[in-house]
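Encoded as structure tokens, the structure appears first; notes follow it.
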Amino acid sequence: MPANRIVPLVDGEAVGGGCFLLTFQHEETAREARPGQFVMIKAGVSAEPPLRRPFSILSVDAERDTFTLFVKAVGRVSGALAAMAPGDKALCLGPLGRPFTLPPDHTEALLVAGGYGIAPFRFLGVELRRAGARARLLYGGRTAADLPLLERLSGLGLDVVPVTEDGSLGERGLVTLPLEAYLDRAPGPVRLYACGPEAMMHAVARIAAARSLPAEVSLDPWMGCGIGTCLACVVRVQGEEEERWRYRCACTEGPVFDAARVVWPGEDRSRARLAAAAGGAR
Amino acid sequence: MNLAVEVAGIRLKNPLIAASGTFGYGVEHEGLLDLSLLGGIVSKGLYMEPRDGAPPPRIVETPSGLLNAIGLQGVGIRAFVRDVLPRMRRHDTVLLVNVCGDTVEEYAEVARVCDDAPGIAGLEVNISCPNVERGGLAFGGDPRMTHEVVAAVRRATRLPVIPKLSPNVADIAVFARAAEEAGADALSCINTLLGLAIDVETRRPRLGFGTGGLSGPAIRPVAVRMAWQASRAVRIPVIGIGGIASASDALEFLIAGCRAVQIGTANFVDPGIHERILDDLREYLGRHRLDDVNAVVGTLEYPAPARRCDERGPGEPGGCP
């Protein structure tokens with residue numbers, strides 16, 4: 001069960017590029033969180049705005065009852081979190097949301113991360129290893145500086161493939177290029193996982209659809225409460241048996257969604273389906 | 001120490017109510033907070049049918065506040081009565097339904113469904129949502145329409161009727177009186193203030209709907225002033241709403257004349273806020289040697305209008321030199 005608590009910062013570490021690893025004490029998150037889940041958190045204990053922000057859980061330590069977040073200090077809330085000293089208090093609610101689905105036996109997990117979207121994949125990598133699954137991470141960014149945590153991903157048993165648009169690190173180009181190249185020669189069944197900019201996740205969803213591969217995406221819309229009451233973080237999702245899409249809360253029905261069920265911006269699946277049901281275009 | 005209050009014939013164990021649209025249907029908070037601590041809960045706004053709501057983005061943060069255009073996404077009153085109400089009835093708190101409609105008749109129809117459903121203590125009539133094309137503010141921005149909607153709901157139900165008034169009017173007292181004359185049992189004051197936030201890079205509104213409703217501490221002084229004006233204009237009780245995030249904030253509304261208060265936006269930041277405010281409210285009453293929260297209601301000591309120095313008598317302090 002998620003718990004809403006005032007929790008102390010246990011440890012904070014700057015990892016360059018304005019990014020920080022922040023470790024908090026929170027029993028429920030440490031013990032119950034699954035890869036892909038998140039916490040809502042802000043520095044301090046005031047119920048006045050700003051609202052808390054959602055952060056993917058980077059790792060948990062059930063023995064110390066702590067969890068760690070990967071935070072880039074870009075705004076008011078992330079900046080205040082990054083400025084916390086050990087012992088300072090934060091208002092934290094977690095663990096929240098629908099986690100990733102682990103692959104069935106003998107299926108390779110193919111993780112596609114874009115920049116800051118790496119956050120949930122360290123945790124997923126740990127669980128994949130525990131499950132004995134083969135896993136490969138394609139990690140893309142504009143330039144080498146957009147691939148934080150790269151050196152901290154070793155030791156997870158992940159094959160890590162860095163990709164940069166300017167070629168400053170690893171392969172040159174968009175992350176979808178080595179993805180397609182790998183899928184062309186993948187030895188067995190594959191399951192895709194994507195987290196990063198929306199355009200990247202949409203591209204991965206298209207590739208998965210074209211090859212009839214299962215894929216999950218971790219969406220990141222603006223979130224207010226984290227528990228499905230404010231209805232701010234809705235995304236258009238169409239269930240398999242549904243006639244049309246419905247707005248669904250990313251906080252409670254996501255943030256991880258089946259990529260094939262998401263109606264991406266610019267798409268209007270319902271209309272197409274309804275038109276087909278009505279006997280073609282009229 | 002007594003914290004219980006009575007509003008519209010409904011006994012609340014304390015004056016803190018979770019505001020509509022900030023607490024879901026209540027069940028979302030199970031496990032996060034002991035719901036029996038709450039004086040009451042107002043449901044998310046409900047129409048007869050389910051609603052999609054507004055296109056995202058639906059919220060944007062502004063200084064000390066939150067601008068939202070959710071557009072009353074909801075499951076519809078029948079699904080609420082069938083699926084949510086039985087579960088909510090297990091909690092020892094008062095449940096109010098926020099009633100919406102595109103037409104006067106729809107408000108009455110939703111009210112009739114509530115009337116037949118056990119476990120609903122009263123109806124808050126939403127005539128002030130700024131984020132829908134029809135209904136909402138269209139009714140709450142015109143005193144004759146306010147009267148018509150409230151009277152229609154009044155005729156449709158035996159439950160207490162509590163219109164939620166809009167701050168987007170020149171004189172809230174006119175609307176408070178119109179609602180009272182139409183048979184309202186209490187008033188909720190206030191809904192959100194109409195606002196607009198613009199993305200200067202794209203020159204488009206930052207909300208998908210365009211304009212939105214402003215809530216949070218940014219609107220608190222406006223809300224206290226309007227709740228105060230409304231409470232002076234009518235004999236029925238007023239429930240104060242607007243930017244409450246602490247016991248001190250809640251006390252401002254009580255002192256201004258409100259019999260109870262609603263906590264809204266702060267629920268998003270801290271779902272445990274009710275418990276913290278209750279503790280601090282008890283501490284305040286103890287410090288002021290009061291054993292009943294009702295003793296602070298309407299105790300505002302408002303200064304007499306200031307007179308110019310030449311209006312003062314000879315020798316009176318503040319007289320002309």
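Within each chain, counting starts at residue 1; across the structure tokens, chains are named A, B, ... in the order shown, with ligands numbered 1 upward in that order.
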
Starting from chain A, keep only residues with some atom at most 12 Å from an atom of chain B, counting only C-alpha atoms, and report them as a ChimeraX atom specification. /A:1-6,28,40-54,75-77,90-96,220-236,244-249,251-252,265

Quick check for you: according to DSSP on this backbone, which residues of region 95-243 of chain B are classed as alpha helix (DSSP H)? Reply as a PyMOL selection string. chain B and resi 104-115+137-140+143-156+172-181+220-233

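Take CA of Phe175 (chain B) and CA of Gly210 (chain B): the distance between them is 26.3 Å.
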
Contacts of Glu267 (chain A) at 12 Å or less, counting only C-alpha atoms, minus same-chain residues fewer than 5 places along, as a PyMOL selection string? chain A and resi 202+206+236-238+245+261-262+272-273

If you count only C-alpha atoms, which residues fall within 7 Å of Ser231 (chain B), apart from same-chain ones fewer than 5 positions away, as an MDAnalysis selection string? chainID B and resid 237:238 257:258

Selected residue, from B:Asn2, B:Asn14, B:Asn168, B:Asn131, that lies nearest to His274 (chain B) when counting only C-alpha atoms: B:Asn14

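For the choices B:Ala108, B:Ile236, B:Leu35, B:Ala227, the atom-to-atom distance to Arg158 (chain B) is smallest for B:Ala108 when using only C-alpha atoms.
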
Test item: residues at most 7 Å from Ala19 (chain B), only C-alpha atoms, excluding those fewer than 5 positions along its chain, as number ranges by chain: B: 41-42, 262-264

Determine, counting only C-alpha atoms, which protein, DNA and RNA residues have an atom within 10 Å of an atom of Gly36 (chain A); residues of the same chain fewer than 6 positions away are not included. Present the result as a compact mmCIF listing (two decimals) with N, CA and C atoms, in the first residue's frame.
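That gives us part-v1.txt:
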# COMPACT_ATOMS: atom_id res chain seq x y z
N PHE A 55 8.56 11.16 -9.49
CA PHE A 55 9.91 10.70 -9.86
C PHE A 55 9.93 9.18 -9.89
N SER A 56 10.44 8.63 -11.00
CA SER A 56 10.62 7.19 -11.09
C SER A 56 11.59 6.73 -10.02
N ILE A 57 11.36 5.55 -9.52
CA ILE A 57 12.24 5.00 -8.50
C ILE A 57 13.45 4.37 -9.20
N LEU A 58 14.64 4.87 -8.84
CA LEU A 58 15.87 4.40 -9.48
C LEU A 58 16.33 3.08 -8.87
N PRO A 95 4.81 3.66 -2.72
CA PRO A 95 5.06 3.64 -4.16
C PRO A 95 3.75 3.70 -4.93
N LEU A 96 3.80 4.34 -6.10
CA LEU A 96 2.58 4.60 -6.87
C LEU A 96 2.68 4.04 -8.28
N GLY A 97 1.52 3.78 -8.87
CA GLY A 97 1.45 3.48 -10.30
C GLY A 97 1.63 2.02 -10.66
N ARG A 98 1.39 1.78 -11.94
CA ARG A 98 1.47 0.43 -12.50
C ARG A 98 2.90 0.18 -12.97
N PRO A 99 3.52 -0.90 -12.51
CA PRO A 99 4.92 -1.17 -12.88
C PRO A 99 5.03 -1.82 -14.26
N PHE A 100 6.28 -1.99 -14.70
CA PHE A 100 6.54 -2.73 -15.93
C PHE A 100 6.15 -4.20 -15.74
N THR A 101 5.81 -4.85 -16.85
CA THR A 101 5.54 -6.28 -16.83
C THR A 101 6.82 -7.00 -17.23
N ALA A 119 15.78 6.79 -15.83
CA ALA A 119 15.49 6.64 -14.40
C ALA A 119 14.87 5.29 -13.99
N PRO A 120 13.81 4.81 -14.66
CA PRO A 120 13.22 3.55 -14.16
C PRO A 120 13.98 2.30 -14.59
N PHE A 121 14.96 2.42 -15.49
CA PHE A 121 15.54 1.23 -16.11
C PHE A 121 16.65 0.58 -15.29
N ARG A 122 17.22 1.34 -14.35
CA ARG A 122 18.22 0.69 -13.50
C ARG A 122 17.52 -0.36 -12.64
N PHE A 123 16.39 0.05 -12.04
CA PHE A 123 15.59 -0.84 -11.20
C PHE A 123 15.09 -2.04 -12.04
N LEU A 124 14.62 -1.75 -13.25
CA LEU A 124 14.13 -2.82 -14.12
C LEU A 124 15.27 -3.79 -14.45
N CYS A 195 11.26 4.51 -22.34
CA CYS A 195 11.03 5.67 -21.48
C CYS A 195 11.94 6.79 -21.95
N VAL A 217 5.43 1.47 -22.57
CA VAL A 217 6.02 2.80 -22.49
C VAL A 217 5.70 3.40 -21.12
N SER A 218 6.62 4.19 -20.59
CA SER A 218 6.39 4.87 -19.31
C SER A 218 6.16 6.35 -19.61
N GLY A 254 -1.34 4.08 -15.21
CA GLY A 254 0.03 4.06 -15.72
C GLY A 254 0.95 4.19 -14.55
N PRO A 255 2.15 4.77 -14.69
CA PRO A 255 2.63 5.48 -15.88
C PRO A 255 2.99 4.52 -17.02
N VAL A 256 3.09 3.21 -16.69
CA VAL A 256 3.46 2.23 -17.71
C VAL A 256 2.20 1.76 -18.42

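As for CA of His91 (chain B) and CA of Leu12 (chain B), they are spaced 13.4 Å apart.
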
I need the strand (DSSP E or B) residues of region 60-108 of chain B per DSSP on the backbone, written as JSON, numbers by chain. {"B": [60, 61, 62, 65, 66, 67, 68, 74, 94, 95, 96, 97, 98, 99]}

Output N, CA and C atoms for every residue in that selection, as a PDB file, in the first residue's frame.
ATOM      1  N   VAL B  60      -1.854  23.850 -14.392  1.00  0.00           N
ATOM      2  CA  VAL B  60      -0.591  24.575 -14.488  1.00  0.00           C
ATOM      3  C   VAL B  60      -0.410  25.314 -13.159  1.00  0.00           C
ATOM      4  N   GLU B  61       0.820  25.300 -12.664  1.00  0.00           N
ATOM      5  CA  GLU B  61       1.068  25.992 -11.405  1.00  0.00           C
ATOM      6  C   GLU B  61       1.324  27.461 -11.654  1.00  0.00           C
ATOM      7  N   THR B  62       0.753  28.293 -10.796  1.00  0.00           N
ATOM      8  CA  THR B  62       0.927  29.740 -10.868  1.00  0.00           C
ATOM      9  C   THR B  62       1.365  30.195  -9.478  1.00  0.00           C
ATOM     10  N   GLY B  65      -0.476  29.130  -6.336  1.00  0.00           N
ATOM     11  CA  GLY B  65      -1.768  28.594  -6.734  1.00  0.00           C
ATOM     12  C   GLY B  65      -1.684  27.589  -7.853  1.00  0.00           C
ATOM     13  N   LEU B  66      -2.883  27.186  -8.262  1.00  0.00           N
ATOM     14  CA  LEU B  66      -3.017  26.161  -9.271  1.00  0.00           C
ATOM     15  C   LEU B  66      -4.154  26.582 -10.191  1.00  0.00           C
ATOM     16  N   LEU B  67      -3.872  26.595 -11.492  1.00  0.00           N
ATOM     17  CA  LEU B  67      -4.911  26.902 -12.466  1.00  0.00           C
ATOM     18  C   LEU B  67      -5.301  25.578 -13.117  1.00  0.00           C
ATOM     19  N   ASN B  68      -6.601  25.255 -13.081  1.00  0.00           N
ATOM     20  CA  ASN B  68      -7.001  23.962 -13.628  1.00  0.00           C
ATOM     21  C   ASN B  68      -8.171  24.101 -14.579  1.00  0.00           C
ATOM     22  N   GLY B  74     -15.953  12.603 -15.222  1.00  0.00           N
ATOM     23  CA  GLY B  74     -16.579  11.846 -14.139  1.00  0.00           C
ATOM     24  C   GLY B  74     -17.327  10.626 -14.628  1.00  0.00           C
ATOM     25  N   VAL B  94     -19.443  12.176   6.714  1.00  0.00           N
ATOM     26  CA  VAL B  94     -20.610  12.675   5.989  1.00  0.00           C
ATOM     27  C   VAL B  94     -20.273  12.802   4.505  1.00  0.00           C
ATOM     28  N   LEU B  95     -21.147  12.270   3.664  1.00  0.00           N
ATOM     29  CA  LEU B  95     -20.879  12.285   2.232  1.00  0.00           C
ATOM     30  C   LEU B  95     -21.865  13.219   1.517  1.00  0.00           C
ATOM     31  N   LEU B  96     -21.303  14.206   0.820  1.00  0.00           N
ATOM     32  CA  LEU B  96     -22.124  15.132   0.035  1.00  0.00           C
ATOM     33  C   LEU B  96     -21.805  14.899  -1.434  1.00  0.00           C
ATOM     34  N   VAL B  97     -22.822  15.029  -2.281  1.00  0.00           N
ATOM     35  CA  VAL B  97     -22.601  14.854  -3.719  1.00  0.00           C
ATOM     36  C   VAL B  97     -22.619  16.222  -4.389  1.00  0.00           C
ATOM     37  N   ASN B  98     -21.633  16.471  -5.243  1.00  0.00           N
ATOM     38  CA  ASN B  98     -21.575  17.703  -6.024  1.00  0.00           C
ATOM     39  C   ASN B  98     -22.366  17.475  -7.313  1.00  0.00           C
ATOM     40  N   VAL B  99     -23.476  18.192  -7.438  1.00  0.00           N
ATOM     41  CA  VAL B  99     -24.437  17.968  -8.505  1.00  0.00           C
ATOM     42  C   VAL B  99     -24.186  18.937  -9.668  1.00  0.00           C
TER      43      VAL B  99
END

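Distances here use only C-alpha atoms; by that measure, the residue among B:Leu3, B:Pro221, B:Gly135, B:Ala121 closest to Leu290 (chain B) is B:Leu3.
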
Near Tyr284 (chain B), within 10 Å and counting only C-alpha atoms, which residues show up once chain neighbours fewer than 5 positions away are dropped, as an NGL selection string? :B and (247-248 or 251 or 278-279 or 289-290 or 293)

Export N, CA and C atoms of the chosen residues as a PDB file, in the first residue's frame?
ATOM      1  N   ALA B 247      -4.460  25.284   9.896  1.00  0.00           N
ATOM      2  CA  ALA B 247      -5.543  25.589  10.835  1.00  0.00           C
ATOM      3  C   ALA B 247      -5.803  27.091  10.876  1.00  0.00           C
ATOM      4  N   SER B 248      -4.748  27.861  10.783  1.00  0.00           N
ATOM      5  CA  SER B 248      -4.900  29.308  10.802  1.00  0.00           C
ATOM      6  C   SER B 248      -5.738  29.781   9.610  1.00  0.00           C
ATOM      7  N   LEU B 251      -9.314  28.920  10.321  1.00  0.00           N
ATOM      8  CA  LEU B 251      -9.870  29.810  11.347  1.00  0.00           C
ATOM      9  C   LEU B 251     -10.265  31.161  10.767  1.00  0.00           C
ATOM     10  N   LEU B 278      -6.558  19.453  11.986  1.00  0.00           N
ATOM     11  CA  LEU B 278      -7.363  19.158  13.181  1.00  0.00           C
ATOM     12  C   LEU B 278      -6.523  19.300  14.449  1.00  0.00           C
ATOM     13  N   ASP B 279      -5.314  18.752  14.418  1.00  0.00           N
ATOM     14  CA  ASP B 279      -4.426  18.856  15.584  1.00  0.00           C
ATOM     15  C   ASP B 279      -4.173  20.322  15.929  1.00  0.00           C
ATOM     16  N   ARG B 289      -8.478  29.098  25.351  1.00  0.00           N
ATOM     17  CA  ARG B 289      -9.386  28.666  26.416  1.00  0.00           C
ATOM     18  C   ARG B 289     -10.825  28.568  25.927  1.00  0.00           C
ATOM     19  N   LEU B 290     -10.979  27.957  24.760  1.00  0.00           N
ATOM     20  CA  LEU B 290     -12.319  27.729  24.202  1.00  0.00           C
ATOM     21  C   LEU B 290     -12.559  26.223  24.178  1.00  0.00           C
ATOM     22  N   VAL B 293     -15.600  24.776  19.091  1.00  0.00           N
ATOM     23  CA  VAL B 293     -15.153  25.476  17.879  1.00  0.00           C
ATOM     24  C   VAL B 293     -16.213  26.481  17.410  1.00  0.00           C
TER      25      VAL B 293
END

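The gap separating CA of Lys13 (chain B) from CA of Met1 (chain B) is 11.6 Å, in Å to one decimal.
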
I'd like a table as a Markdown table: residues in region 125-188 of chain A with an atom no more than 12 Å from region 64-71 of chain A, each row giving the shortest atom pair and its distance in Å to one decimal, only C-alpha atoms counted, sorted by chain and rising residue number.
| residue | atom | partner | partner_atom | distance |
| --- | --- | --- | --- | --- |
| A:Pro148 | CA | A:Phe70 | CA | 9.6 |
| A:Leu149 | CA | A:Phe70 | CA | 9.0 |
| A:Arg152 | CA | A:Phe70 | CA | 11.9 |

Keeping N, CA and C atoms, export the residues of the selection given above as a short mmCIF file (atom, residue, chain, number, x, y, z; two decimals), in the first residue's frame.
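What ended up in again-v6.cif:
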data_model
loop_
_atom_site.label_atom_id
_atom_site.label_comp_id
_atom_site.auth_asym_id
_atom_site.auth_seq_id
_atom_site.Cartn_x
_atom_site.Cartn_y
_atom_site.Cartn_z
N PRO A 148 23.39 10.53 -18.66
CA PRO A 148 23.87 10.42 -17.29
C PRO A 148 23.73 8.98 -16.79
N LEU A 149 24.44 8.67 -15.76
CA LEU A 149 24.37 7.36 -15.10
C LEU A 149 24.95 6.22 -15.92
N ARG A 152 27.19 3.97 -14.26
CA ARG A 152 26.61 3.28 -13.10
C ARG A 152 25.69 2.13 -13.51
#
